[in-house]
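A.B. asks: Right, I'll just put the structure down here and ask away after.
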Amino acid sequence: MQTLLVLDEKNYSEDMPVYERFVVRALIEKDGLFAMQQGKHGEYKIPGGGMDKGETIVEALMREVQ
């Protein structure tokens, strides 16, 4: 099997700062088919994305799915 992309090489240490980013995803099915989103590196994923500051989960999900 060929590795296409490594997203986390785990080359970090305990003293590095931690940044949190919250995301929402939606599983959308119609007639047995599922909606997918192609990322900037060519990978496919469930539609969604990052939440903006002060945004609720529902607001973020609606914006991302549009």
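We label chains A, B, ... in the order they appear in the structure tokens, count residues from 1 in each chain, and number ligands from 1 in the order shown.
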Give me the residues near A:Lys45 as a short mmCIF file (atom, residue, chain, number, x, y, z; two decimals) with N, CA and C atoms, in the first residue's frame, where near means some atom within 7 Å (using only C-alpha atoms) and where sequence neighbours in that chain fewer than 5 positions away do not count.

C.D. replies:
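The resulting file, around15.cif, is reproduced below:
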```
data_model
loop_
_atom_site.label_atom_id
_atom_site.label_comp_id
_atom_site.auth_asym_id
_atom_site.auth_seq_id
_atom_site.Cartn_x
_atom_site.Cartn_y
_atom_site.Cartn_z
N MET A 36 -19.40 14.32 -0.39
CA MET A 36 -18.01 14.40 0.04
C MET A 36 -17.44 15.73 -0.43
N GLN A 37 -16.39 16.17 0.24
CA GLN A 37 -15.74 17.43 -0.06
C GLN A 37 -14.27 17.13 -0.35
N GLN A 38 -13.74 17.71 -1.42
CA GLN A 38 -12.33 17.48 -1.73
C GLN A 38 -11.49 18.59 -1.11
#
```

A.B. asks: Quick one: everything within 12 Å of A:His41, counting only C-alpha atoms, minus sequence neighbours fewer than 6 positions away in the same chain. Send it as a short mmCIF file (atom, residue, chain, number, x, y, z; two decimals) with N, CA, C and O atoms, in the first residue's frame.

C.D. replies:
```
data_model
loop_
_atom_site.label_atom_id
_atom_site.label_comp_id
_atom_site.auth_asym_id
_atom_site.auth_seq_id
_atom_site.Cartn_x
_atom_site.Cartn_y
_atom_site.Cartn_z
N LEU A 4 -0.30 8.24 0.79
CA LEU A 4 -0.56 9.40 -0.05
C LEU A 4 -0.25 10.72 0.65
O LEU A 4 0.24 11.66 0.04
N LEU A 5 -0.55 10.80 1.96
CA LEU A 5 -0.36 12.06 2.68
C LEU A 5 -0.26 11.77 4.17
O LEU A 5 -1.06 11.01 4.70
N VAL A 6 0.71 12.36 4.84
CA VAL A 6 0.84 12.27 6.29
C VAL A 6 0.46 13.63 6.85
O VAL A 6 1.13 14.63 6.59
N LEU A 7 -0.64 13.68 7.62
CA LEU A 7 -1.11 14.95 8.17
C LEU A 7 -0.44 15.29 9.49
O LEU A 7 -0.31 16.45 9.83
#
```

A.B. asks: If DSSP is run on the backbone, what residues of chain A are alpha helix (DSSP H)? A reply as a list of chain:residue names would be ideal.

C.D. replies: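 After running DSSP on the backbone, chain A has alpha helix (DSSP H) at A:Ile57, A:Val58, A:Glu59, A:Ala60, A:Leu61, A:Met62, A:Arg63, A:Glu64, A:Val65.
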
A.B. asks: Can I get the selected residues back with N, CA, C and O atoms, as a PDB file, in the first residue's frame?

C.D. replies:
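Result went into out-v9.pdb, see below:
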```pdb
ATOM      1  N   ILE A  57     -22.716  25.686  17.095  1.00  0.00           N
ATOM      2  CA  ILE A  57     -22.495  24.511  16.253  1.00  0.00           C
ATOM      3  C   ILE A  57     -23.453  24.512  15.069  1.00  0.00           C
ATOM      4  O   ILE A  57     -23.055  24.255  13.935  1.00  0.00           O
ATOM      5  N   VAL A  58     -24.712  24.822  15.317  1.00  0.00           N
ATOM      6  CA  VAL A  58     -25.717  24.833  14.248  1.00  0.00           C
ATOM      7  C   VAL A  58     -25.405  25.905  13.203  1.00  0.00           C
ATOM      8  O   VAL A  58     -25.471  25.652  11.991  1.00  0.00           O
ATOM      9  N   GLU A  59     -25.043  27.097  13.646  1.00  0.00           N
ATOM     10  CA  GLU A  59     -24.693  28.177  12.704  1.00  0.00           C
ATOM     11  C   GLU A  59     -23.485  27.784  11.845  1.00  0.00           C
ATOM     12  O   GLU A  59     -23.491  27.999  10.631  1.00  0.00           O
ATOM     13  N   ALA A  60     -22.473  27.224  12.485  1.00  0.00           N
ATOM     14  CA  ALA A  60     -21.268  26.828  11.749  1.00  0.00           C
ATOM     15  C   ALA A  60     -21.579  25.727  10.744  1.00  0.00           C
ATOM     16  O   ALA A  60     -21.115  25.774   9.600  1.00  0.00           O
ATOM     17  N   LEU A  61     -22.383  24.762  11.144  1.00  0.00           N
ATOM     18  CA  LEU A  61     -22.719  23.659  10.254  1.00  0.00           C
ATOM     19  C   LEU A  61     -23.512  24.137   9.048  1.00  0.00           C
ATOM     20  O   LEU A  61     -23.251  23.754   7.909  1.00  0.00           O
ATOM     21  N   MET A  62     -24.479  25.034   9.284  1.00  0.00           N
ATOM     22  CA  MET A  62     -25.272  25.580   8.180  1.00  0.00           C
ATOM     23  C   MET A  62     -24.371  26.341   7.202  1.00  0.00           C
ATOM     24  O   MET A  62     -24.498  26.198   5.985  1.00  0.00           O
ATOM     25  N   ARG A  63     -23.462  27.144   7.715  1.00  0.00           N
ATOM     26  CA  ARG A  63     -22.559  27.924   6.851  1.00  0.00           C
ATOM     27  C   ARG A  63     -21.633  27.008   6.062  1.00  0.00           C
ATOM     28  O   ARG A  63     -21.440  27.181   4.859  1.00  0.00           O
ATOM     29  N   GLU A  64     -21.072  26.030   6.716  1.00  0.00           N
ATOM     30  CA  GLU A  64     -20.127  25.142   6.055  1.00  0.00           C
ATOM     31  C   GLU A  64     -20.770  24.264   4.990  1.00  0.00           C
ATOM     32  O   GLU A  64     -20.180  23.978   3.974  1.00  0.00           O
ATOM     33  N   VAL A  65     -21.994  23.833   5.228  1.00  0.00           N
ATOM     34  CA  VAL A  65     -22.673  22.951   4.277  1.00  0.00           C
ATOM     35  C   VAL A  65     -23.154  23.718   3.049  1.00  0.00           C
ATOM     36  O   VAL A  65     -23.237  23.161   1.960  1.00  0.00           O
TER      37      VAL A  65
END
```

A.B. asks: Given the choices A:Gly39, A:Gly48, A:Thr3, A:Asn11, which gets closest to A:Ala26 if the distance is worked out from only C-alpha atoms?

C.D. replies: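 Under the stated criterion, the closest residue is A:Gly48.
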
A.B. asks: Enumerate, as a PDB file with C-alpha atoms, in the first residue's frame, the complete set of residues in chain A that a backbone-based DSSP assignment places in strand (DSSP E or B).

C.D. replies:
```pdb
ATOM      1  CA  VAL A  23     -14.756  21.983  13.550  1.00  0.00           C
ATOM      2  CA  VAL A  24     -18.153  20.692  12.489  1.00  0.00           C
ATOM      3  CA  ARG A  25     -18.921  17.965   9.951  1.00  0.00           C
ATOM      4  CA  GLU A  29     -26.970  11.035   2.452  1.00  0.00           C
ATOM      5  CA  LYS A  30     -29.399  11.029  -0.478  1.00  0.00           C
ATOM      6  CA  LEU A  33     -25.046   8.289  -1.887  1.00  0.00           C
ATOM      7  CA  PHE A  34     -22.976  10.414   0.485  1.00  0.00           C
ATOM      8  CA  GLN A  37     -15.735  17.431  -0.056  1.00  0.00           C
ATOM      9  CA  GLN A  38     -12.327  17.483  -1.735  1.00  0.00           C
ATOM     10  CA  TYR A  44     -11.840  13.541   0.309  1.00  0.00           C
ATOM     11  CA  LYS A  45     -13.663  14.179   3.562  1.00  0.00           C
ATOM     12  CA  GLY A  48     -17.709  20.817   7.068  1.00  0.00           C
ATOM     13  CA  GLY A  49     -15.013  23.035   8.464  1.00  0.00           C
ATOM     14  CA  GLY A  50     -13.855  25.325  11.238  1.00  0.00           C
TER      15      GLY A  50
END
```

A.B. asks: Please compute the atom CA of A:Leu27-atom CA of A:Ile46 distance, one decimal, in Å.

C.D. replies: 6.3 Å
